[in-house]
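Undergrad: Handing over start.cif, mmCIF, C-alpha atoms.
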data_upload
loop_
_atom_site.group_PDB
_atom_site.id
_atom_site.type_symbol
_atom_site.label_atom_id
_atom_site.label_comp_id
_atom_site.auth_asym_id
_atom_site.auth_seq_id
_atom_site.Cartn_x
_atom_site.Cartn_y
_atom_site.Cartn_z
ATOM 1 C CA MET S 27 -0.967 6.375 20.496
ATOM 2 C CA LYS S 28 -3.522 3.578 20.785
ATOM 3 C CA ASN S 29 -4.212 4.593 24.383
ATOM 4 C CA ILE S 30 -4.888 8.182 23.332
ATOM 5 C CA PHE S 31 -7.321 7.077 20.637
ATOM 6 C CA ILE S 32 -9.185 4.866 23.097
ATOM 7 C CA ILE S 33 -9.529 7.698 25.614
ATOM 8 C CA LEU S 34 -10.668 10.154 22.913
ATOM 9 C CA PHE S 35 -13.205 7.628 21.673
ATOM 10 C CA LEU S 36 -14.619 7.213 25.151
ATOM 11 C CA PHE S 37 -14.933 10.942 25.721
ATOM 12 C CA VAL S 38 -16.669 11.473 22.380
ATOM 13 C CA SER S 39 -18.979 8.559 23.073
ATOM 14 C CA SER S 40 -19.872 10.006 26.470
ATOM 15 C CA LEU S 41 -20.988 13.242 24.798
ATOM 16 C CA VAL S 42 -23.101 11.368 22.283
ATOM 17 C CA TYR S 43 -24.848 9.346 24.979
ATOM 18 C CA SER S 44 -25.099 12.115 27.580
ATOM 19 C CA GLN S 45 -28.679 12.880 26.551
ATOM 20 C CA GLN S 46 -29.854 9.317 27.035
ATOM 21 C CA LYS S 47 -31.797 8.332 30.131
ATOM 22 C CA ASP S 48 -29.874 7.017 33.121
ATOM 23 C CA SER S 49 -32.211 4.008 33.222
ATOM 24 C CA GLU S 50 -30.778 2.659 29.970
ATOM 25 C CA PRO S 51 -28.398 -0.273 30.493
ATOM 26 C CA LYS S 52 -24.708 0.628 30.428
ATOM 27 C CA THR S 53 -22.474 -1.815 28.589
ATOM 28 C CA ILE S 54 -19.010 -0.174 28.587
ATOM 29 C CA THR S 55 -17.227 1.163 31.675
ATOM 30 C CA PHE S 56 -13.961 3.098 31.748
ATOM 31 C CA SER S 57 -12.256 3.146 35.172
ATOM 32 C CA ILE S 58 -9.052 4.733 36.421
ATOM 33 C CA GLY S 59 -7.208 4.814 39.739
ATOM 34 C CA PRO S 60 -4.117 3.917 41.770
ATOM 35 C CA GLU S 61 -2.845 0.420 42.513
ATOM 36 C CA PHE S 62 -0.554 -0.340 45.445
ATOM 37 C CA ARG S 63 1.680 -3.396 45.047
ATOM 38 C CA ILE S 64 2.942 -4.940 48.274
ATOM 39 C CA THR S 65 6.327 -6.619 48.740
ATOM 40 C CA PRO S 66 6.426 -9.839 46.666
ATOM 41 C CA ILE S 67 6.116 -13.215 48.368
ATOM 42 C CA TRP S 68 8.688 -15.744 47.130
ATOM 43 C CA ILE S 69 8.029 -19.489 47.390
ATOM 44 C CA ASN S 70 11.187 -21.441 48.281
ATOM 45 C CA ALA S 71 13.421 -18.712 46.903
ATOM 46 C CA LEU S 72 17.155 -19.294 46.884
ATOM 47 C CA TYR S 73 17.656 -15.728 48.043
ATOM 48 C CA SER S 74 16.467 -12.247 47.112
ATOM 49 C CA GLY S 75 16.940 -8.603 47.924
ATOM 50 C CA GLY S 76 19.722 -7.440 45.633
ATOM 51 C CA SER S 77 22.707 -8.924 43.856
ATOM 52 C CA GLU S 78 24.645 -8.852 40.614
ATOM 53 C CA ARG S 79 22.661 -9.573 37.472
ATOM 54 C CA ALA S 80 24.072 -9.025 33.977
ATOM 55 C CA HIS S 81 26.472 -6.293 35.097
ATOM 56 C CA VAL S 82 23.820 -4.341 36.998
ATOM 57 C CA PHE S 83 22.924 -4.244 40.679
ATOM 58 C CA PHE S 84 19.307 -5.229 41.131
ATOM 59 C CA SER S 85 16.646 -5.462 43.850
ATOM 60 C CA GLU S 86 13.653 -7.676 43.096
ATOM 61 C CA ASP S 87 11.576 -6.342 45.985
ATOM 62 C CA ALA S 88 12.171 -2.684 45.107
ATOM 63 C CA HIS S 89 11.374 -3.344 41.451
ATOM 64 C CA LEU S 90 8.173 -5.362 41.975
ATOM 65 C CA SER S 91 6.546 -3.327 44.756
ATOM 66 C CA GLY S 92 5.255 0.244 44.741
ATOM 67 C CA SER S 93 2.457 2.364 43.305
ATOM 68 C CA VAL S 94 1.102 2.428 39.752
ATOM 69 C CA ILE S 95 -1.616 4.215 37.831
ATOM 70 C CA THR S 96 -4.007 1.873 36.080
ATOM 71 C CA TYR S 97 -7.016 2.107 33.805
ATOM 72 C CA SER S 98 -9.449 -0.541 32.627
ATOM 73 C CA LEU S 99 -12.134 -0.837 29.989
ATOM 74 C CA PHE S 100 -14.885 -3.379 30.740
ATOM 75 C CA TYR S 101 -17.611 -4.656 28.463
ATOM 76 C CA SER S 102 -20.795 -5.905 30.157
ATOM 77 C CA PRO S 103 -23.120 -8.046 28.001
ATOM 78 C CA LYS S 104 -26.784 -7.485 28.726
ATOM 79 C CA LYS S 105 -28.734 -9.977 30.830
ATOM 80 C CA ILE S 106 -25.664 -11.765 32.261
ATOM 81 C CA LYS S 107 -23.655 -10.684 35.290
ATOM 82 C CA TRP S 108 -20.216 -10.924 33.716
ATOM 83 C CA ASN S 109 -17.718 -8.246 32.715
ATOM 84 C CA PHE S 110 -14.876 -8.693 30.217
ATOM 85 C CA GLY S 111 -12.041 -6.230 30.476
ATOM 86 C CA ILE S 112 -8.676 -5.030 29.271
ATOM 87 C CA GLY S 113 -6.408 -2.478 30.875
ATOM 88 C CA GLN S 114 -2.948 -1.067 31.375
ATOM 89 C CA SER S 115 -0.775 -0.009 34.306
ATOM 90 C CA PHE S 116 1.915 2.661 34.204
ATOM 91 C CA ARG S 117 4.747 3.421 36.593
ATOM 92 C CA TYR S 118 8.014 5.297 36.408
ATOM 93 C CA ASP S 119 10.062 3.027 38.616
ATOM 94 C CA LEU S 120 13.360 1.289 39.314
ATOM 95 C CA LEU S 121 14.913 -0.674 36.461
ATOM 96 C CA PHE S 122 18.265 -1.386 38.145
ATOM 97 C CA TYR S 123 21.125 0.322 39.992
ATOM 98 C CA ASP S 124 24.128 1.428 37.989
ATOM 99 C CA ASN S 125 27.688 0.281 38.700
ATOM 100 C CA ALA S 126 29.137 1.403 42.013
ATOM 101 C CA ILE S 127 30.793 4.817 42.184
ATOM 102 C CA ASN S 128 33.668 5.000 44.684
ATOM 103 C CA PHE S 129 34.156 8.155 46.704
ATOM 104 C CA GLY S 130 35.781 9.237 49.966
ATOM 105 C CA GLN S 131 38.965 8.111 51.702
ATOM 106 C CA ASN S 132 37.369 4.898 52.933
ATOM 107 C CA GLY S 133 36.452 3.800 49.421
ATOM 108 C CA ASP S 134 32.735 4.065 50.121
ATOM 109 C CA SER S 135 30.460 3.455 47.157
ATOM 110 C CA GLN S 136 26.926 4.111 46.066
ATOM 111 C CA HIS S 137 24.570 2.704 43.464
ATOM 112 C CA ASN S 138 22.458 5.258 41.621
ATOM 113 C CA PRO S 139 18.956 4.114 40.593
ATOM 114 C CA VAL S 140 18.177 3.893 36.889
ATOM 115 C CA LYS S 141 14.448 4.374 36.288
ATOM 116 C CA THR S 142 12.201 3.888 33.272
ATOM 117 C CA LEU S 143 8.525 3.832 32.276
ATOM 118 C CA ILE S 144 7.175 0.321 32.919
ATOM 119 C CA ILE S 145 3.876 -0.827 31.379
ATOM 120 C CA ASP S 146 1.671 -3.825 32.205
ATOM 121 C CA TYR S 147 -1.194 -5.159 30.055
ATOM 122 C CA HIS S 148 -4.188 -6.792 31.756
ATOM 123 C CA PHE S 149 -6.914 -9.124 30.457
ATOM 124 C CA ARG S 150 -9.628 -10.033 32.966
ATOM 125 C CA VAL S 151 -13.006 -11.704 33.362
ATOM 126 C CA GLU S 152 -15.194 -10.479 36.206
ATOM 127 C CA LYS S 153 -18.268 -12.015 37.838
ATOM 128 C CA TYR S 154 -20.406 -9.739 39.996
ATOM 129 C CA PHE S 155 -23.195 -10.225 42.525
ATOM 130 C CA ASN S 156 -25.662 -7.535 43.579
ATOM 131 C CA LEU S 157 -25.876 -7.069 47.350
ATOM 132 C CA LYS S 158 -28.013 -4.918 49.641
ATOM 133 C CA ASN S 159 -27.812 -1.113 49.737
ATOM 134 C CA ASP S 160 -26.403 -0.873 46.199
ATOM 135 C CA PHE S 161 -23.213 -2.753 47.079
ATOM 136 C CA VAL S 162 -21.781 -5.115 44.448
ATOM 137 C CA LEU S 163 -19.407 -8.010 45.101
ATOM 138 C CA LYS S 164 -16.918 -8.721 42.298
ATOM 139 C CA THR S 165 -14.481 -11.548 41.618
ATOM 140 C CA GLN S 166 -11.830 -11.440 38.904
ATOM 141 C CA LEU S 167 -9.662 -13.925 37.017
ATOM 142 C CA GLY S 168 -7.237 -13.161 34.238
ATOM 143 C CA PHE S 169 -3.665 -12.827 33.127
ATOM 144 C CA SER S 170 -1.254 -9.930 32.743
ATOM 145 C CA LEU S 171 1.783 -9.189 30.578
ATOM 146 C CA MET S 172 4.077 -7.583 33.135
ATOM 147 C CA ASP S 173 7.155 -5.353 33.053
ATOM 148 C CA ARG S 174 7.001 -4.335 29.408
ATOM 149 C CA GLY S 175 9.524 -1.639 28.595
ATOM 150 C CA THR S 176 12.268 -3.017 30.861
ATOM 151 C CA ASP S 177 14.671 -4.023 28.075
ATOM 152 C CA TYR S 178 18.254 -2.809 28.412
ATOM 153 C CA ALA S 179 21.527 -3.527 26.596
ATOM 154 C CA VAL S 180 24.595 -5.097 28.235
ATOM 155 C CA THR S 181 28.029 -5.977 26.913
ATOM 156 C CA ASP S 182 29.898 -9.135 27.903
ATOM 157 C CA VAL S 183 33.678 -9.053 27.422
ATOM 158 C CA PHE S 184 35.513 -12.363 26.947
ATOM 159 C CA ASN S 185 39.261 -13.059 27.166
ATOM 160 C CA GLU S 186 39.808 -9.550 28.457
ATOM 161 C CA GLY S 187 43.387 -8.302 28.182
ATOM 162 C CA THR S 188 44.411 -10.933 25.655
ATOM 163 C CA GLU S 189 44.756 -10.993 21.886
ATOM 164 C CA ALA S 190 41.596 -13.078 21.715
ATOM 165 C CA GLU S 191 39.487 -10.451 23.526
ATOM 166 C CA TYR S 192 36.041 -9.875 22.078
ATOM 167 C CA SER S 193 32.718 -8.436 23.254
ATOM 168 C CA TYR S 194 29.124 -9.517 22.872
ATOM 169 C CA LEU S 195 26.264 -6.986 22.992
ATOM 170 C CA HIS S 196 22.865 -8.378 23.869
ATOM 171 C CA THR S 197 19.572 -7.403 25.493
ATOM 172 C CA GLU S 198 18.325 -8.298 28.959
ATOM 173 C CA TYR S 199 14.791 -7.693 30.249
ATOM 174 C CA PHE S 200 12.491 -8.383 33.188
ATOM 175 C CA ASN S 201 9.318 -9.277 31.231
ATOM 176 C CA TYR S 202 7.064 -11.979 32.643
ATOM 177 C CA THR S 203 3.460 -13.172 32.403
ATOM 178 C CA SER S 204 1.305 -13.632 35.493
ATOM 179 C CA TYR S 205 -2.092 -14.957 36.465
ATOM 180 C CA THR S 206 -4.366 -12.497 38.266
ATOM 181 C CA PHE S 207 -6.863 -13.169 41.043
ATOM 182 C CA ALA S 208 -8.908 -10.495 42.828
ATOM 183 C CA ILE S 209 -12.027 -9.883 44.900
ATOM 184 C CA GLY S 210 -13.655 -6.495 45.235
ATOM 185 C CA ILE S 211 -16.558 -4.464 46.512
ATOM 186 C CA SER S 212 -18.260 -1.597 44.683
ATOM 187 C CA LYS S 213 -20.844 1.038 45.388
ATOM 188 C CA ASN S 214 -22.027 3.651 42.934
ATOM 189 C CA ARG S 215 -18.879 4.321 40.852
ATOM 190 C CA LEU S 216 -16.203 3.540 43.423
ATOM 191 C CA ASN S 217 -14.444 0.148 43.402
ATOM 192 C CA ALA S 218 -11.920 -1.439 45.768
ATOM 193 C CA TYR S 219 -10.095 -4.703 45.058
ATOM 194 C CA LEU S 220 -7.715 -6.953 46.945
ATOM 195 C CA GLY S 221 -5.802 -9.236 44.607
ATOM 196 C CA THR S 222 -2.518 -10.795 43.626
ATOM 197 C CA TYR S 223 -0.339 -11.471 40.605
ATOM 198 C CA PHE S 224 1.185 -14.941 40.437
ATOM 199 C CA THR S 225 3.839 -16.423 38.165
ATOM 200 C CA GLU S 226 6.196 -19.391 38.047
ATOM 201 C CA ILE S 227 8.434 -18.391 35.111
ATOM 202 C CA HIS S 228 10.253 -15.055 35.068
ATOM 203 C CA GLN S 229 13.617 -13.357 34.463
ATOM 204 C CA PHE S 230 14.746 -12.784 38.060
ATOM 205 C CA TYR S 231 17.857 -14.953 38.044
ATOM 206 C CA ASP S 232 18.890 -14.151 41.603
ATOM 207 C CA VAL S 233 16.033 -16.198 43.069
ATOM 208 C CA GLY S 234 15.830 -18.784 40.301
ATOM 209 C CA THR S 235 13.828 -18.241 37.120
ATOM 210 C CA GLU S 236 11.385 -21.022 38.034
ATOM 211 C CA THR S 237 10.795 -19.819 41.603
ATOM 212 C CA PRO S 238 7.075 -18.954 41.961
ATOM 213 C CA PHE S 239 6.102 -15.672 43.565
ATOM 214 C CA PHE S 240 3.029 -13.593 44.402
ATOM 215 C CA VAL S 241 2.693 -9.813 44.240
ATOM 216 C CA PRO S 242 -0.331 -8.832 46.391
ATOM 217 C CA TYR S 243 -2.002 -5.560 45.496
ATOM 218 C CA ILE S 244 -4.758 -3.159 46.509
ATOM 219 C CA LEU S 245 -6.595 -1.412 43.682
ATOM 220 C CA ILE S 246 -8.943 1.541 44.139
ATOM 221 C CA ASN S 247 -10.526 2.948 41.020
ATOM 222 C CA TYR S 248 -13.413 5.108 39.906
ATOM 223 C CA ASP S 249 -15.799 4.495 37.016
ATOM 224 C CA LEU S 250 -15.096 7.671 35.081
ATOM 225 C CA LEU S 251 -17.345 6.874 32.124
ATOM 226 C CA LYS S 252 -20.299 4.570 31.556
ATOM 227 C CA ILE S 253 -21.799 4.326 28.077
#
Could I get this file's structure written as structure tokens?

TA:
Amino acid sequence: MKNIFIILFLFVSSLVYSQQKDSEPKTITFSIGPEFRITPIWINALYSGGSERAHVFFSEDAHLSGSVITYSLFYSPKKIKWNFGIGQSFRYDLLFYDNAINFGQNGDSQHNPVKTLIIDYHFRVEKYFNLKNDFVLKTQLGFSLMDRGTDYAVTDVFNEGTEAEYSYLHTEYFNYTSYTFAIGISKNRLNAYLGTYFTEIHQFYDVGTETPFFVPYILINYDLLKI
């Protein structure tokens, strides 16, 4: 709901300011566009690519890479060449693979993907430099709250088949926090960034929860509103 209110506020504000001169300084920019996340780069990983994790079959690379839709809202103070922004990313993507289903005479099996809506929250500071021919060079630093909405319930069974059998229901998740670094180029209202997410602490047990990794990305967005 908060996202809807923000978008409605921006649209109403754009109508209010539409009669103002273009020469007036713009202080708030709303941008939207696709982001393409490349296969993650693991640093001294034990192993990766898919194994058992809390009763589900999981692939780190498939989960962390892919396409997302992202929006950002930047505030630009007058007289200084800095932007301060917040944003969100949305993707309907792989959470995990369900338990194997056996079929056929040879006992072949398959793992069906379980997908969910995954949301990331971004907080960034941007420094920009005006270049020739209306080009603008931008550099970004920040942090992101990644993989929100990936919680799922699992049940552990202990002493199975005995009189002392009992079960324990608990929640697993893939949430992690990352640093963000990016460099971009802009002209008019179109922006293109090359960046990476980086973290050292996460919930991907298969490669070690303290194994650092990068997720490089390419972001292309358009400044939809400037007020």

Undergrad: Report, in Å with one decimal, the straight-line distance from CA of Tyr123 (chain S) to CA of Pro242 (chain S).

TA: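 We find that CA of Tyr123 (chain S) and CA of Pro242 (chain S) lie 24.2 Å from each other.
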
Undergrad: Using all atoms listed in the file, which of S:Phe100, S:Phe200, S:Phe239, S:Phe116 sits nearest Gln166 (chain S)?

TA: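 Using all atoms listed in the file, Gln166 (chain S) sits closest to S:Phe100.
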
Undergrad: Report the residues retrieved by the PyMOL selection byres ((chain S and resi 87-98) around 9) from the displayed file, expressed as a compact mmCIF listing (two decimals) with C-alpha atoms, keeping the file's coordinate frame.

TA:
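Result saved to result.txt:
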# COMPACT_ATOMS: atom_id res chain seq x y z
CA THR S 55 -17.23 1.16 31.68
CA PHE S 56 -13.96 3.10 31.75
CA SER S 57 -12.26 3.15 35.17
CA ILE S 58 -9.05 4.73 36.42
CA GLY S 59 -7.21 4.81 39.74
CA PRO S 60 -4.12 3.92 41.77
CA GLU S 61 -2.84 0.42 42.51
CA PHE S 62 -0.55 -0.34 45.44
CA ARG S 63 1.68 -3.40 45.05
CA ILE S 64 2.94 -4.94 48.27
CA THR S 65 6.33 -6.62 48.74
CA PRO S 66 6.43 -9.84 46.67
CA SER S 74 16.47 -12.25 47.11
CA GLY S 75 16.94 -8.60 47.92
CA GLY S 76 19.72 -7.44 45.63
CA PHE S 84 19.31 -5.23 41.13
CA SER S 85 16.65 -5.46 43.85
CA GLU S 86 13.65 -7.68 43.10
CA LEU S 99 -12.13 -0.84 29.99
CA PHE S 100 -14.88 -3.38 30.74
CA GLY S 111 -12.04 -6.23 30.48
CA ILE S 112 -8.68 -5.03 29.27
CA GLY S 113 -6.41 -2.48 30.88
CA GLN S 114 -2.95 -1.07 31.38
CA SER S 115 -0.78 -0.01 34.31
CA PHE S 116 1.92 2.66 34.20
CA ARG S 117 4.75 3.42 36.59
CA TYR S 118 8.01 5.30 36.41
CA ASP S 119 10.06 3.03 38.62
CA LEU S 120 13.36 1.29 39.31
CA LEU S 121 14.91 -0.67 36.46
CA PHE S 122 18.26 -1.39 38.15
CA ASP S 146 1.67 -3.82 32.20
CA HIS S 148 -4.19 -6.79 31.76
CA ASP S 173 7.16 -5.35 33.05
CA VAL S 241 2.69 -9.81 44.24
CA PRO S 242 -0.33 -8.83 46.39
CA TYR S 243 -2.00 -5.56 45.50
CA LEU S 245 -6.60 -1.41 43.68
CA ASN S 247 -10.53 2.95 41.02

Undergrad: Could you check which of S:Arg215, S:Lys153, S:His137, S:His228 is closest to Leu171 (chain S), using all atoms listed in the file?

TA: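 Closest to Leu171 (chain S) of all the choices is S:His228.
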
Undergrad: When you count all atoms listed in the file, which of these residues is closest to Lys107 (chain S): S:Thr165, S:Thr197, S:Ser204, S:Asn217?

TA: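 The closest residue to Lys107 (chain S) is S:Thr165.
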
Undergrad: Have a look at CA of Asn159 (chain S) and CA of Leu220 (chain S) and let me know their distance in Å, one decimal.

TA: 21.1 Å

Undergrad: Taking the file as shown, what set of residues would the PyMOL selection byres ((chain S and resi 152) around 7) give back, as a list of chain:residue names?

TA: S:Trp108, S:Asn109, S:Phe110, S:Arg150, S:Val151, S:Lys153, S:Tyr154, S:Lys164, S:Thr165, S:Gln166, S:Leu167

Undergrad: Please, could you write that set of residues out with C-alpha atoms as a CSV table (one decimal), in the frame of the given file?

TA:
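Result written to out30.csv:
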chain,number,residue,atom,x,y,z
S,108,TRP,CA,-20.2,-10.9,33.7
S,109,ASN,CA,-17.7,-8.2,32.7
S,110,PHE,CA,-14.9,-8.7,30.2
S,150,ARG,CA,-9.6,-10.0,33.0
S,151,VAL,CA,-13.0,-11.7,33.4
S,153,LYS,CA,-18.3,-12.0,37.8
S,154,TYR,CA,-20.4,-9.7,40.0
S,164,LYS,CA,-16.9,-8.7,42.3
S,165,THR,CA,-14.5,-11.5,41.6
S,166,GLN,CA,-11.8,-11.4,38.9
S,167,LEU,CA,-9.7,-13.9,37.0

Undergrad: Any idea what the distance is between CA of Tyr147 (chain S) and CA of Ser212 (chain S)?

TA: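 Rounded to one decimal, the two atoms are 22.8 Å apart.
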
Undergrad: Calculated over only C-alpha atoms, which of the candidates S:Tyr248, S:Phe155, S:Tyr199, S:Trp68 has the smallest distance to Tyr223 (chain S)?

TA: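 Between S:Tyr248, S:Phe155, S:Tyr199, S:Trp68, the residue approaching Tyr223 (chain S) most closely is S:Trp68.
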
Undergrad: With only C-alpha atoms as the basis for distance, which of S:Asn201, S:Thr225, S:Ser102, S:Asn138 is at the shortest distance from Asp177 (chain S)?

TA: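 Checking each of S:Asn201, S:Thr225, S:Ser102, S:Asn138 against Asp177 (chain S), counting only C-alpha atoms, the winner is S:Asn201.
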
Undergrad: Written as a PyMOL selection string, which residues does the PyMOL selection byres ((chain S and resi 252) around 8) give for the file shown?

TA: chain S and resi 40+52-56+249-251+253

Undergrad: Looking at all atoms listed in the file, which of S:Phe83, S:Ala218, S:Ile246, S:Thr203 is the one that sits closest to Leu163 (chain S)?

TA: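 The shortest atom-to-atom distance to Leu163 (chain S) comes from S:Ala218.
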
Undergrad: Excluding Asp160 (chain S) and any residue of its chain fewer than 3 positions from it, enumerate the residues within 8 Å of it, using all atoms listed in the file, and give them as a list in words.

TA: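 Once the nearby chain positions are removed, what remains is Asn156, Leu157, Lys213 and Asn214 of chain S.
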